[in-house]
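K.L.:
Following this line is work_34.cif, made up of mmCIF, C-alpha atoms and all ligand atoms:
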```cif
data_input
#
loop_
_atom_site.label_atom_id
_atom_site.label_comp_id
_atom_site.auth_asym_id
_atom_site.auth_seq_id
_atom_site.Cartn_x
_atom_site.Cartn_y
_atom_site.Cartn_z
CA MET G 10 19.64 9.56 -26.01
CA ALA G 11 18.01 8.78 -22.76
CA ARG G 12 14.78 9.83 -24.40
CA ALA G 13 15.24 7.21 -27.07
CA PHE G 14 15.62 4.65 -24.33
CA GLU G 15 12.43 5.79 -22.77
CA GLN G 16 10.56 5.74 -26.04
CA CYS G 17 11.92 2.31 -26.84
CA GLY G 18 10.92 1.29 -23.39
CA ALA G 19 13.79 -1.15 -23.15
CA VAL G 20 15.13 0.14 -19.87
CA PRO G 21 13.35 -0.14 -16.55
CA ARG G 22 12.74 2.94 -14.50
CA ALA G 23 15.41 1.95 -12.04
CA ALA G 24 18.08 1.77 -14.73
CA LEU G 25 16.98 5.13 -16.11
CA ARG G 26 17.43 6.57 -12.67
CA LEU G 27 20.94 5.18 -12.63
CA ARG G 28 21.88 6.57 -15.98
CA ARG G 29 20.60 9.97 -14.94
CA GLY G 30 23.06 10.06 -12.11
CA GLY G 31 21.18 7.90 -9.69
CA ARG G 32 23.11 6.37 -6.82
CA ARG G 33 25.51 3.79 -8.09
CA GLY G 34 27.44 1.33 -6.07
CA VAL G 35 25.29 1.64 -2.99
CA PRO G 36 26.11 -1.41 -0.93
CA ALA G 37 23.19 -3.72 -0.32
CA LYS G 38 21.89 -3.55 3.23
CA PRO G 39 20.23 -6.25 5.24
CA LEU G 40 16.67 -6.59 3.99
CA GLU G 41 14.45 -5.68 6.85
CA ARG G 42 11.52 -3.61 5.70
CA SER G 43 9.15 -3.41 2.77
CA GLY G 44 11.49 -0.93 1.13
CA ASP G 45 14.03 -3.76 0.89
CA ARG G 46 13.34 -4.23 -2.78
CA ARG G 47 14.85 -0.87 -3.62
CA ASP G 48 18.17 -1.89 -2.11
CA LEU G 49 18.41 -4.80 -4.49
CA VAL G 50 16.44 -3.78 -7.50
CA GLY G 51 16.24 -0.08 -7.80
CA ARG G 52 19.25 1.54 -6.24
CA GLY G 53 22.07 0.25 -8.24
CA GLY G 54 22.90 -3.16 -6.79
CA LEU G 55 21.36 -5.75 -9.03
CA ARG G 56 19.89 -3.39 -11.58
CA GLU G 57 23.29 -1.89 -12.13
CA SER G 58 24.74 -5.32 -12.87
CA GLN G 59 21.75 -6.15 -15.03
CA ARG G 60 22.27 -2.91 -16.89
CA ARG G 61 25.87 -3.84 -17.52
CA ARG G 62 24.93 -7.31 -18.68
CA GLY G 63 22.08 -6.05 -20.83
CA GLY G 64 24.07 -3.09 -22.06
CA ARG G 65 24.51 -4.41 -25.55
CA ARG G 66 20.86 -4.37 -26.27
CA HIS G 67 20.27 -1.02 -24.72
CA ALA G 68 23.35 0.43 -26.36
CA GLY G 69 21.99 -0.70 -29.71
CA ALA G 70 18.78 1.15 -29.06
CA GLU G 71 20.61 4.19 -27.82
CA THR G 72 22.83 4.53 -30.86
CA THR G 73 20.00 4.06 -33.31
CA GLY G 74 17.72 6.29 -31.37
CA ALA G 75 14.94 4.09 -32.65
CA THR G 76 11.50 4.82 -31.46
CA ALA G 77 9.56 2.11 -33.27
CA GLY G 78 11.83 -0.84 -32.64
CA CYS G 79 15.04 -1.87 -30.85
CA SER G 80 18.04 -3.81 -32.06
CA SER G 81 19.01 -7.03 -30.38
CA SER G 82 22.61 -7.82 -29.59
CA SER G 83 22.68 -10.06 -32.66
CA GLY G 84 21.82 -7.04 -34.76
CA ALA G 85 18.41 -8.42 -35.68
CA PRO G 86 15.60 -5.95 -35.14
CA ARG G 87 13.60 -6.61 -32.02
CA LEU G 88 10.06 -6.10 -33.21
CA LEU G 89 8.99 -4.29 -30.14
CA GLY G 90 7.04 -1.46 -31.79
CA SER G 91 5.87 0.52 -28.83
CA LEU G 92 6.03 -2.54 -26.61
CA PRO G 93 8.40 -2.22 -23.68
CA SER G 94 10.80 -5.03 -22.89
CA VAL G 95 12.59 -6.09 -19.74
CA PRO G 96 16.33 -6.23 -19.16
CA ASP G 97 18.25 -9.48 -19.28
CA VAL G 98 17.40 -11.60 -16.28
CA PRO G 99 20.24 -13.11 -14.22
CA VAL G 100 20.21 -16.88 -13.79
CA LEU G 101 21.77 -18.80 -10.91
CA ASP G 102 22.34 -22.47 -11.60
CA HIS G 103 22.48 -25.18 -8.96
CA ALA G 104 26.08 -24.56 -7.94
CA ALA G 105 25.65 -20.79 -7.94
CA VAL G 106 22.64 -20.97 -5.62
CA LEU G 107 24.58 -23.14 -3.20
CA ALA G 108 27.54 -20.75 -3.41
CA ALA G 109 25.27 -17.75 -2.86
CA VAL G 110 23.50 -18.96 0.29
CA THR G 111 25.31 -20.80 3.06
CA PRO G 112 23.38 -23.23 5.26
CA ILE G 113 23.65 -20.76 8.14
CA ALA G 114 22.30 -17.92 5.99
CA ALA G 115 19.52 -20.24 4.82
CA ILE G 116 18.58 -21.09 8.42
CA GLU G 117 18.40 -17.41 9.37
CA ALA G 118 16.42 -16.52 6.24
CA VAL G 119 13.93 -19.35 6.71
CA ARG G 120 13.44 -18.59 10.38
CA ASP G 121 12.80 -14.94 9.50
CA ALA G 122 10.35 -15.97 6.76
CA PHE G 123 8.25 -17.99 9.21
CA ILE G 124 8.09 -15.01 11.54
CA ARG G 125 7.17 -12.56 8.77
CA HIS G 126 4.52 -14.91 7.47
CA ARG G 127 3.08 -15.33 10.93
CA ARG G 128 2.90 -11.55 11.28
CA GLY G 129 1.13 -11.25 7.93
CA GLU G 130 4.00 -9.40 6.26
CA TRP G 131 4.72 -12.21 3.80
CA VAL G 132 1.84 -13.98 2.05
CA MET G 133 1.34 -17.16 0.06
CA PRO G 134 -1.58 -19.31 -1.07
CA PRO G 135 -1.35 -23.06 -0.45
CA LYS G 136 0.73 -24.82 -3.09
CA VAL G 137 -1.10 -26.19 -6.12
CA TYR G 138 -0.45 -29.82 -7.07
CA LEU G 139 -0.61 -31.10 -10.62
CA ASP G 140 -0.47 -34.89 -10.79
CA SER G 141 1.57 -36.50 -13.50
CA PRO G 142 0.65 -40.16 -12.99
CA PRO G 143 2.28 -42.55 -12.58
CA PHE G 144 5.50 -40.53 -12.37
CA GLY G 145 4.85 -38.02 -9.60
CA ASP G 146 3.50 -34.53 -9.29
CA PHE G 147 4.33 -30.93 -10.08
CA ARG G 148 3.81 -28.09 -7.61
CA ALA G 149 3.23 -24.39 -8.28
CA MET G 150 4.25 -22.36 -5.24
CA PRO G 151 3.86 -18.56 -5.22
CA ALA G 152 4.72 -16.16 -2.39
CA ARG G 153 5.20 -12.43 -1.92
CA GLY G 154 7.20 -10.50 0.65
CA GLY G 155 10.02 -8.01 1.11
CA GLY G 156 9.13 -6.23 -2.12
CA LEU G 157 9.55 -9.42 -4.14
CA ALA G 158 7.18 -11.99 -5.61
CA MET G 159 8.24 -15.57 -6.33
CA LEU G 160 6.97 -18.64 -8.11
CA LYS G 161 8.55 -22.05 -7.71
CA TRP G 162 7.58 -24.63 -10.33
CA VAL G 163 8.92 -27.90 -9.06
CA SER G 164 8.42 -31.66 -9.20
CA SER G 165 8.47 -34.60 -6.85
CA PHE G 166 9.08 -37.62 -9.08
CA PRO G 167 10.12 -40.54 -6.82
CA GLN G 168 11.30 -42.76 -9.67
CA ASN G 169 13.63 -40.12 -11.09
CA PRO G 170 16.78 -41.28 -9.23
CA ALA G 171 16.51 -44.62 -11.08
CA ARG G 172 16.71 -42.56 -14.29
CA GLY G 173 19.71 -40.63 -13.04
CA LEU G 174 17.60 -37.55 -12.35
CA PRO G 175 16.82 -35.81 -9.03
CA THR G 176 13.45 -36.41 -7.39
CA VAL G 177 12.99 -32.64 -7.12
CA ILE G 178 13.59 -30.58 -10.29
CA GLY G 179 12.33 -27.16 -11.29
CA VAL G 180 12.75 -23.43 -11.61
CA VAL G 181 12.27 -20.48 -9.28
CA LEU G 182 11.31 -17.13 -10.76
CA LEU G 183 11.72 -14.02 -8.64
CA SER G 184 10.03 -10.75 -9.63
CA ASP G 185 9.96 -7.18 -8.44
CA ALA G 186 6.65 -6.89 -6.60
CA GLU G 187 6.30 -3.22 -7.55
CA THR G 188 6.94 -3.37 -11.30
CA SER G 189 6.47 -7.13 -11.83
CA GLU G 190 9.82 -7.30 -13.65
CA PRO G 191 11.56 -10.68 -13.39
CA VAL G 192 14.77 -10.06 -11.45
CA LEU G 193 16.24 -13.53 -10.97
CA VAL G 194 15.84 -17.12 -12.19
CA LEU G 195 17.20 -19.88 -9.93
CA ASP G 196 17.56 -23.63 -9.91
CA ALA G 197 14.69 -24.93 -7.78
CA GLY G 198 16.48 -28.07 -6.64
CA ALA G 199 19.14 -26.04 -4.85
CA VAL G 200 16.63 -23.59 -3.40
CA THR G 201 14.51 -26.51 -2.18
CA ALA G 202 17.46 -28.33 -0.64
CA LEU G 203 18.63 -25.24 1.25
CA ARG G 204 15.24 -24.31 2.62
CA THR G 205 14.25 -27.89 3.44
CA GLY G 206 17.48 -28.43 5.30
CA ALA G 207 17.09 -25.08 6.99
CA VAL G 208 13.63 -25.82 8.36
CA ALA G 209 14.90 -29.04 9.91
CA ALA G 210 17.45 -26.97 11.84
CA VAL G 211 14.95 -24.25 12.75
CA ALA G 212 12.33 -26.71 14.01
CA SER G 213 14.88 -28.84 15.87
CA ARG G 214 16.18 -25.82 17.75
CA ALA G 215 12.66 -24.57 18.50
CA LEU G 216 11.09 -27.87 19.54
CA ALA G 217 13.72 -30.33 20.75
CA ARG G 218 14.22 -30.60 24.48
CA THR G 219 16.66 -28.27 26.18
CA GLY G 220 20.09 -29.84 26.07
CA ALA G 221 19.36 -31.96 23.01
CA SER G 222 22.61 -32.48 21.16
CA ALA G 223 22.40 -35.57 18.97
CA ALA G 224 20.55 -35.61 15.67
CA GLY G 225 19.24 -38.46 13.55
CA VAL G 226 18.53 -38.26 9.83
CA VAL G 227 16.47 -40.99 8.14
CA GLY G 228 16.83 -40.89 4.36
CA CYS G 229 20.14 -39.72 2.90
CA GLY G 230 19.02 -38.56 -0.52
CA VAL G 231 19.32 -35.00 -1.78
CA ASN G 232 17.13 -33.33 0.81
CA GLY G 233 18.08 -35.61 3.69
CA ALA G 234 21.72 -34.76 3.05
CA TRP G 235 20.92 -31.03 3.16
CA ALA G 236 18.93 -31.49 6.36
CA ALA G 237 22.03 -33.10 7.86
CA ARG G 238 24.35 -30.36 6.55
CA SER G 239 22.05 -27.69 7.96
CA LEU G 240 21.93 -29.42 11.33
CA VAL G 241 25.72 -29.51 11.43
CA ALA G 242 25.84 -25.82 10.49
CA ALA G 243 23.40 -25.13 13.33
CA GLY G 244 25.70 -26.82 15.85
CA TRP G 245 24.49 -30.44 15.92
CA ALA G 246 27.95 -31.97 16.09
CA ASP G 247 26.82 -35.55 16.75
CA GLY G 248 24.38 -37.72 14.88
CA VAL G 249 23.39 -40.88 13.05
CA VAL G 250 22.28 -41.01 9.43
CA SER G 251 20.37 -43.99 8.08
CA ASP G 252 19.41 -45.18 4.61
CA PRO G 253 18.89 -48.58 3.00
CA ARG G 254 21.51 -47.33 0.55
CA THR G 255 24.26 -47.83 3.08
CA GLU G 256 26.91 -46.35 0.79
CA ALA G 257 24.94 -43.07 0.65
CA ALA G 258 24.63 -42.99 4.44
CA GLU G 259 28.32 -43.74 4.95
CA ALA G 260 29.44 -41.10 2.47
CA LEU G 261 27.19 -38.53 4.11
CA ALA G 262 28.40 -39.40 7.62
CA GLU G 263 31.99 -39.02 6.50
CA GLU G 264 31.25 -35.62 5.00
CA LEU G 265 29.44 -34.41 8.14
CA GLY G 266 32.31 -34.92 10.55
CA SER G 267 33.69 -37.18 13.22
CA GLY G 268 30.68 -36.94 15.52
CA TRP G 269 28.44 -38.44 12.86
CA ARG G 270 28.12 -42.04 11.75
CA ALA G 271 25.94 -44.21 9.55
CA GLY G 272 23.62 -46.52 11.44
CA SER G 273 20.40 -48.47 11.44
CA LEU G 274 16.94 -46.92 11.45
CA ALA G 275 16.60 -47.74 15.16
CA GLU G 276 19.91 -46.02 15.92
CA ALA G 277 18.88 -42.89 14.03
CA LEU G 278 15.52 -42.83 15.80
CA ALA G 279 17.29 -43.11 19.17
CA GLN G 280 18.80 -39.60 18.79
CA ASP G 281 17.36 -36.47 20.43
CA ALA G 282 16.02 -34.79 17.28
CA VAL G 283 15.29 -36.92 14.22
CA SER G 284 14.58 -35.68 10.71
CA CYS G 285 12.85 -38.11 8.35
CA VAL G 286 13.33 -37.34 4.65
CA THR G 287 12.32 -40.54 2.87
CA PRO G 288 9.97 -40.75 -0.13
CA GLY G 289 7.09 -41.50 2.27
CA ALA G 290 6.16 -44.74 0.55
CA ALA G 291 6.12 -46.65 3.87
CA PRO G 292 6.22 -45.53 7.52
CA VAL G 293 9.62 -45.36 9.17
CA VAL G 294 8.18 -44.16 12.51
CA THR G 295 5.76 -46.35 14.44
CA GLU G 296 4.32 -45.86 17.92
CA ALA G 297 6.93 -48.28 19.26
CA ALA G 298 9.69 -45.82 18.29
CA LEU G 299 8.21 -42.97 20.33
CA ARG G 300 9.64 -42.01 23.69
CA PRO G 301 9.56 -38.97 25.97
CA ASP G 302 11.99 -36.22 24.96
CA LEU G 303 12.11 -37.24 21.30
CA HIS G 304 11.59 -34.58 18.65
CA LEU G 305 10.65 -35.62 15.09
CA ASN G 306 10.81 -33.55 11.92
CA MET G 307 8.72 -35.25 9.25
CA LEU G 308 9.86 -33.81 5.93
CA GLY G 309 9.39 -36.54 3.36
CA ALA G 310 5.58 -36.73 3.27
CA ASP G 311 4.91 -33.58 1.31
CA GLY G 312 2.21 -34.72 -1.06
CA PRO G 313 -0.96 -36.79 -1.37
CA GLY G 314 -0.71 -40.41 -0.27
CA LYS G 315 2.70 -40.13 1.38
CA ALA G 316 3.39 -40.95 5.03
CA GLU G 317 6.56 -41.55 7.04
CA ALA G 318 4.75 -42.30 10.32
CA THR G 319 1.74 -44.42 11.17
CA VAL G 320 -1.44 -42.61 12.12
CA ASP G 321 -1.16 -44.04 15.66
CA ALA G 322 2.33 -42.56 16.00
CA VAL G 323 1.21 -39.15 14.74
CA VAL G 324 -1.74 -39.05 17.11
CA ALA G 325 0.48 -39.91 20.09
CA CYS G 326 2.69 -36.82 19.61
CA ALA G 327 2.43 -33.14 20.47
CA LEU G 328 1.89 -31.77 16.98
CA PHE G 329 3.36 -28.83 15.06
CA CYS G 330 3.26 -27.99 11.37
CA ASP G 331 4.57 -25.44 8.92
CA GLU G 332 1.11 -24.51 7.60
CA TRP G 333 -2.16 -26.15 8.50
CA GLU G 334 -3.86 -26.05 5.09
CA GLN G 335 -0.99 -27.84 3.42
CA ALA G 336 -0.18 -30.15 6.32
CA SER G 337 -3.76 -31.29 6.87
CA HIS G 338 -4.32 -32.14 3.21
CA ASP G 339 -0.97 -33.19 1.83
CA GLY G 340 1.42 -33.69 4.72
CA GLU G 341 2.23 -36.15 7.48
CA LEU G 342 -0.87 -35.03 9.38
CA ALA G 343 -3.24 -35.80 6.50
CA GLY G 344 -3.82 -39.45 7.39
CA ALA G 345 -4.76 -38.65 10.99
CA VAL G 346 -6.98 -35.76 9.86
CA ALA G 347 -8.75 -37.93 7.29
CA ALA G 348 -9.32 -40.60 9.96
CA GLY G 349 -10.89 -37.97 12.23
CA ARG G 350 -8.18 -38.57 14.86
CA ILE G 351 -6.83 -35.00 15.01
CA SER G 352 -8.23 -31.57 14.27
CA ARG G 353 -6.88 -28.05 13.92
CA ASP G 354 -6.85 -27.35 17.67
CA ARG G 355 -4.32 -30.18 18.24
CA VAL G 356 -1.73 -28.62 15.95
CA THR G 357 0.46 -25.52 16.43
CA ASP G 358 2.10 -23.58 13.63
CA LEU G 359 5.88 -23.33 13.84
CA GLY G 360 5.53 -19.58 13.21
CA ALA G 361 3.59 -19.21 16.45
CA VAL G 362 6.44 -20.84 18.34
CA LEU G 363 9.06 -18.68 16.64
CA THR G 364 7.18 -15.45 17.43
CA GLY G 365 6.79 -16.53 21.05
CA GLU G 366 2.99 -16.77 20.88
CA HIS G 367 3.21 -20.46 21.77
CA PRO G 368 5.70 -22.04 24.18
CA GLY G 369 6.47 -24.94 21.84
CA ARG G 370 7.52 -27.93 23.90
CA SER G 371 5.36 -27.16 26.92
CA ASP G 372 5.86 -30.59 28.45
CA ALA G 373 9.55 -31.42 28.78
CA ALA G 374 8.75 -35.13 28.44
CA ALA G 375 6.55 -34.80 25.38
CA THR G 376 7.26 -36.43 22.06
CA THR G 377 7.02 -33.59 19.57
CA LEU G 378 6.38 -33.99 15.85
CA PHE G 379 6.81 -31.23 13.29
CA ASP G 380 5.18 -31.78 9.90
CA SER G 381 7.04 -29.94 7.14
CA THR G 382 5.25 -29.84 3.82
CA GLY G 383 7.55 -27.13 2.44
CA LEU G 384 6.34 -23.56 2.09
CA ALA G 385 6.72 -21.06 -0.71
CA ILE G 386 7.82 -18.46 1.85
CA GLN G 387 10.85 -20.67 2.57
CA ASP G 388 11.72 -20.62 -1.12
CA LEU G 389 11.20 -16.87 -1.25
CA ALA G 390 13.57 -16.49 1.70
CA ILE G 391 16.32 -18.42 -0.11
CA ALA G 392 15.73 -16.71 -3.46
CA ARG G 393 15.88 -13.33 -1.74
CA ALA G 394 19.10 -14.24 0.03
CA ALA G 395 20.55 -15.35 -3.33
CA LEU G 396 19.48 -12.06 -4.91
CA HIS G 397 21.22 -10.28 -2.10
CA ALA G 398 24.39 -12.30 -2.71
CA LEU G 399 24.24 -11.47 -6.39
CA SER G 400 23.79 -7.81 -5.61
CA ASP G 401 26.77 -7.94 -3.24
CA GLY G 402 28.91 -9.57 -5.89
CA THR G 403 29.30 -12.74 -3.81
CA VAL G 404 28.30 -14.82 -6.85
CA ALA G 405 28.20 -14.24 -10.57
CA ALA G 406 25.23 -15.13 -12.73
CA GLY G 407 24.51 -16.04 -16.29
CA SER G 408 21.58 -14.29 -17.87
CA VAL G 409 18.63 -14.94 -20.10
CA ARG G 410 16.84 -12.59 -22.45
CA LEU G 411 13.07 -12.84 -22.35
N1 LIG G 501 9.02 -31.07 3.23
C1 LIG G 501 9.69 -30.48 2.28
O1 LIG G 501 9.83 -29.26 2.27
C2 LIG G 501 10.34 -31.31 1.21
C3 LIG G 501 11.28 -30.74 0.36
C4 LIG G 501 11.90 -31.52 -0.60
C5 LIG G 501 11.57 -32.85 -0.73
N2 LIG G 501 10.62 -33.37 0.09
C6 LIG G 501 10.24 -34.77 -0.02
O2 LIG G 501 11.22 -35.52 0.65
C7 LIG G 501 11.30 -36.81 0.07
C8 LIG G 501 12.76 -37.10 -0.28
O3 LIG G 501 13.17 -36.20 -1.27
P1 LIG G 501 14.66 -36.27 -1.87
O4 LIG G 501 14.74 -35.24 -2.91
O5 LIG G 501 15.64 -36.27 -0.76
O6 LIG G 501 14.59 -37.73 -2.51
P2 LIG G 501 15.80 -38.71 -2.83
O7 LIG G 501 15.23 -39.69 -3.78
O8 LIG G 501 17.00 -37.94 -3.22
O9 LIG G 501 16.14 -39.40 -1.43
C9 LIG G 501 15.28 -40.28 -0.76
C10 LIG G 501 16.16 -41.17 0.10
O10 LIG G 501 15.34 -41.90 1.00
C11 LIG G 501 15.92 -43.18 1.09
N3 LIG G 501 14.95 -44.12 1.65
C12 LIG G 501 13.95 -44.75 1.03
N4 LIG G 501 13.30 -45.53 1.92
C13 LIG G 501 13.91 -45.37 3.11
C14 LIG G 501 13.72 -45.91 4.41
N5 LIG G 501 12.73 -46.78 4.65
N6 LIG G 501 14.54 -45.53 5.40
C15 LIG G 501 15.54 -44.65 5.18
N7 LIG G 501 15.77 -44.11 3.98
C16 LIG G 501 14.96 -44.48 2.95
C17 LIG G 501 16.37 -43.51 -0.31
O11 LIG G 501 17.30 -44.57 -0.35
C18 LIG G 501 16.96 -42.17 -0.72
O12 LIG G 501 18.33 -42.08 -0.34
C19 LIG G 501 10.37 -36.79 -1.14
O13 LIG G 501 9.13 -37.36 -0.77
C20 LIG G 501 10.19 -35.33 -1.43
O14 LIG G 501 8.99 -35.04 -2.09
C21 LIG G 501 10.02 -32.64 1.05
#
```
Reformat the file's structure so that it appears as C-alpha cells.
P.N.:
Amino acid sequence: MARAFEQCGAVPRAALRLRRGGRRGVPAKPLERSGDRRDLVGRGGLRESQRRRGGRRHAGAETTGATAGCSSSSGAPRLLGSLPSVPDVPVLDHAAVLAAVTPIAAIEAVRDAFIRHRRGEWVMPPKVYLDSPPFGDFRAMPARGGGLAMLKWVSSFPQNPARGLPTVIGVVLLSDAETSEPVLVLDAGAVTALRTGAVAAVASRALARTGASAAGVVGCGVNGAWAARSLVAAGWADGVVSDPRTEAAEALAEELGSGWRAGSLAEALAQDAVSCVTPGAAPVVTEAALRPDLHLNMLGADGPGKAEATVDAVVACALFCDEWEQASHDGELAGAVAAGRISRDRVTDLGAVLTGEHPGRSDAAATTLFDSTGLAIQDLAIARAALHALSDGTVAAGSVRL
C-alpha cells in the first residue's frame, strides 16, 4: 500500500518515513541550527499531525491503490494523474497565533532573528510595495532561515479602521525550505502585531539608557497596543500611553497595569523610552521634544511618504535602524536621506548592536532614535515560533487543502 501512496505522490517524503516506522512523537527541540526544519517538519512533530489531519485523503488513495488518480475526502476523484499533491496545510487564525506565541517568546524570537540575519544565516530581500491608491499599499515580504521560507502578503490601509477593518491585514505562508512544501498558513495581522511589539521591546532594551524604567507609547491602535504589551512583558512596569482617541488610550492603560496611565503626547514623550506607532500622517516628534537620555522607537512610518518625526529631529539624534535599504527609502529616515542630511555612515543596524559589533548608546547623554520599518525576518521568527507551538501541541489548527 505504501507503494500506491508513492505512486500517487500524495504523501510527502517525511510522512512516508513516518509510516515506515520513522520516529514518531519526537518532542520538538529548540530550533537552533539549520537542521531545525527536520524537528518540525520531517521527524514526526508537525508532519505527523498533518498526516493525521490529511489522513482521509491519503487513506482514500491507499485503499484504492490508485496509480493514476487519488480520491478526495468528498469521494470525488482528484485528477492528479501522475501529479503529486501536498498534504493539508494547517492554518492558524488571529487568536491561534496570539495563543501560540507569547509576547516574551516573540521578543526572544525577534531578537534571535536580528542576530541570525546579521550573521548571514537568515536572508531576505527588501520588501516590495504595491500601491493601491488612494487606499494604501500592499507589501510582499519574503525571508528564509532555519530551514523554512516565508512570504507575508500584507496591507497598510490607513482608512480601514473607519470601515471597521484593521489597518494591517494579510496572510503569512510558511514553507519547508528543502522541499518547498507549504507547512503553515497564519493570520498576518497577529504575526505583525507580535513582531512589531517585540522589536519595540528589543530596541528599547538595547538602546535606552542604563536604568531606564518608564516607557511611553504614542498611538494606541493595534500595533501600538502590542508594542505596549510587549514592553510590559519585557519588564517596563511604568509608562504613559497617548492617543487622540482618549478612550483607546485609557482602555489600554487599564489593561497594562497600575504603573501605566493614559496621558498627553508631551507626557508620553517625557518617558525614558518612547515608541511611536501612529499612521505617520503628521510628525509627533519635533526637535523641541528631544532631550539627553531619551530613546525613541519610530515604528509608524513604514512606507513611502510617512513620517512621525520632523527631519530636524531625526538629524539631531544618534540613529539606528532595522535595515538600511528599507529605512532609507521607506522609513522614518527617508526624509532626512532624501534631503541629503544623513547618509549610511550615520546609521547603525540594530543587528550590529545585538551581536556586540557596535556599542549602541555610546554616549550616555545621547538622544537615540531607532527606525523600525518592519522586517520579513521578524515575521519569519514569529511564524517559526508558531509552527513550533503547533508541533508541541500548544495550539490546535484548522487546515486547508491546496
Ligand atoms: N514598523 C513596523 O514594523 C510596523 C508594523 C505594523 C504597522 N506599522 C505602521 O504603524 C502604523 C500604525 O499601525 P496600526 O495597525 O497600529 O494602525 P491603527 O490604525 O490601528 O492605529 C493607529 C493609532 O494611531 C493613533 N493616532 C493617530 N494620530 C495620532 C497622533 N498624532 N498621536 C497619537 N496617536 C495618533 C490613532 O488614533 C490610532 O489609534 C501604520 O502606519 C502602520 O503601517 C508599522
K.L.:
Given a cut-off of 7 Å, what residues near ligand LIG 501 (chain G) show up using all atoms listed in the file, put as an NGL selection string?
P.N.:
:G and (165 or 167 or 170 or 175-177 or 201-202 or 205 or 227-233 or 251-254 or 257 or 274 or 286-289 or 291 or 293 or 308-312 or 381-384)
K.L.:
Have a look at CA of Arg148 (chain G) and CA of Trp162 (chain G) and let me know their distance in Å, one decimal.
P.N.:
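If I compute the distance from CA of Arg148 (chain G) to CA of Trp162 (chain G), I get 5.8 Å.
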K.L.:
Which of these, G:His126, G:Leu157, G:Gly268, G:Asp321, has the shortest distance to His397 (chain G) once you count all atoms listed in the file?
P.N.:
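That would be G:Leu157, the residue with the smallest distance to His397 (chain G).
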K.L.:
Quick one: pull the distance between CA of Asp247 (chain G) and CA of Arg270 (chain G), Å, one decimal.
P.N.:
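These two atoms are separated by 8.3 Å.
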K.L.:
Which one is closest to Gly179 (chain G): G:Asp102, G:Ala223, G:Gln280, G:Ala118? Count only C-alpha atoms.
P.N.:
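Once distances to Gly179 (chain G) are computed over only C-alpha atoms, the minimum belongs to G:Asp102.
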K.L.:
Which is closest to Cys285 (chain G) among G:Ala122, G:Leu261, G:Leu328, G:Ala316, if we use all atoms listed in the file?
P.N.:
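Using all atoms listed in the file, the shortest distance to Cys285 (chain G) belongs to G:Ala316.
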K.L.:
Just to confirm, what's the straight-line distance from CA of Asp281 (chain G) to CA of Ser222 (chain G) in Å (one decimal)?
P.N.:
6.6 Å
K.L.:
Using all atoms listed in the file, find the one residue out of G:Asp401, G:Glu190, G:Asp388, G:Glu259 that sits nearest to Ala152 (chain G).
P.N.:
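Answer, going by the shortest atom-to-atom distance: G:Asp388.
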K.L.:
Quick one: residues within 6 Å of region 95-100 of chain G, only C-alpha atoms, excluding same-chain residues fewer than 2 positions away - as a list of chain:residue names?
P.N.:
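Listing them by chain and then by number gives G:Gly63, G:Val192, G:Leu193, G:Val194, G:Leu195, G:Ala406, G:Gly407, G:Ser408, G:Val409, G:Arg410.
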K.L.:
For Asp302 (chain G), which of G:Ala158, G:Ala373, G:Leu411, G:Ala390 is the closest residue, counting all atoms listed in the file?
P.N.:
G:Ala373
K.L.:
Between G:Ala325, G:Pro313, G:Ala246, G:Glu256, which has the minimum distance to Asp146 (chain G) (counting only C-alpha atoms)?
P.N.:
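Smallest distance to Asp146 (chain G) is found for G:Pro313.
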K.L.:
Can you tell me which residues surround Ser213 (chain G) at a distance of at most 10 Å, considering all atoms listed in the file, apart from same-chain residues fewer than 5 positions away, and format the answer as a list in words?
P.N.:
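My list of contacting residues is Ala207, Val208, Arg218, Ala221, Ala224, Leu240, Ala243, Trp245, Asp281, Ala282, Val283, Ser284, His304, Leu305, Asn306, Thr377, Leu378 and Phe379 of chain G.
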K.L.:
List the neighbours of Val320 (chain G) out to 12 Å using only C-alpha atoms; skip same-chain residues closer than 5 positions along the sequence, and give me the result as a ChimeraX atom specification.
P.N.:
/G:291-296,315,325-326,340-351
K.L.:
Find the residues around Ser239 (chain G) up to 7 Å (all atoms listed in the file counted), leave out those fewer than 3 positions away in its own chain, and share them as a PyMOL selection string.
P.N.:
chain G and resi 112+206-207+210+235-236+242-243
K.L.:
Got time to write the residues from that selection, C-alpha atoms, as an mmCIF file, in the frame of the given file?
P.N.:
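Okay, part.cif is ready:
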```cif
data_model
loop_
_atom_site.group_PDB
_atom_site.id
_atom_site.type_symbol
_atom_site.label_atom_id
_atom_site.label_comp_id
_atom_site.auth_asym_id
_atom_site.auth_seq_id
_atom_site.Cartn_x
_atom_site.Cartn_y
_atom_site.Cartn_z
ATOM 1 C CA PRO G 112 23.380 -23.230 5.260
ATOM 2 C CA GLY G 206 17.480 -28.430 5.300
ATOM 3 C CA ALA G 207 17.090 -25.080 6.990
ATOM 4 C CA ALA G 210 17.450 -26.970 11.840
ATOM 5 C CA TRP G 235 20.920 -31.030 3.160
ATOM 6 C CA ALA G 236 18.930 -31.490 6.360
ATOM 7 C CA ALA G 242 25.840 -25.820 10.490
ATOM 8 C CA ALA G 243 23.400 -25.130 13.330
#
```
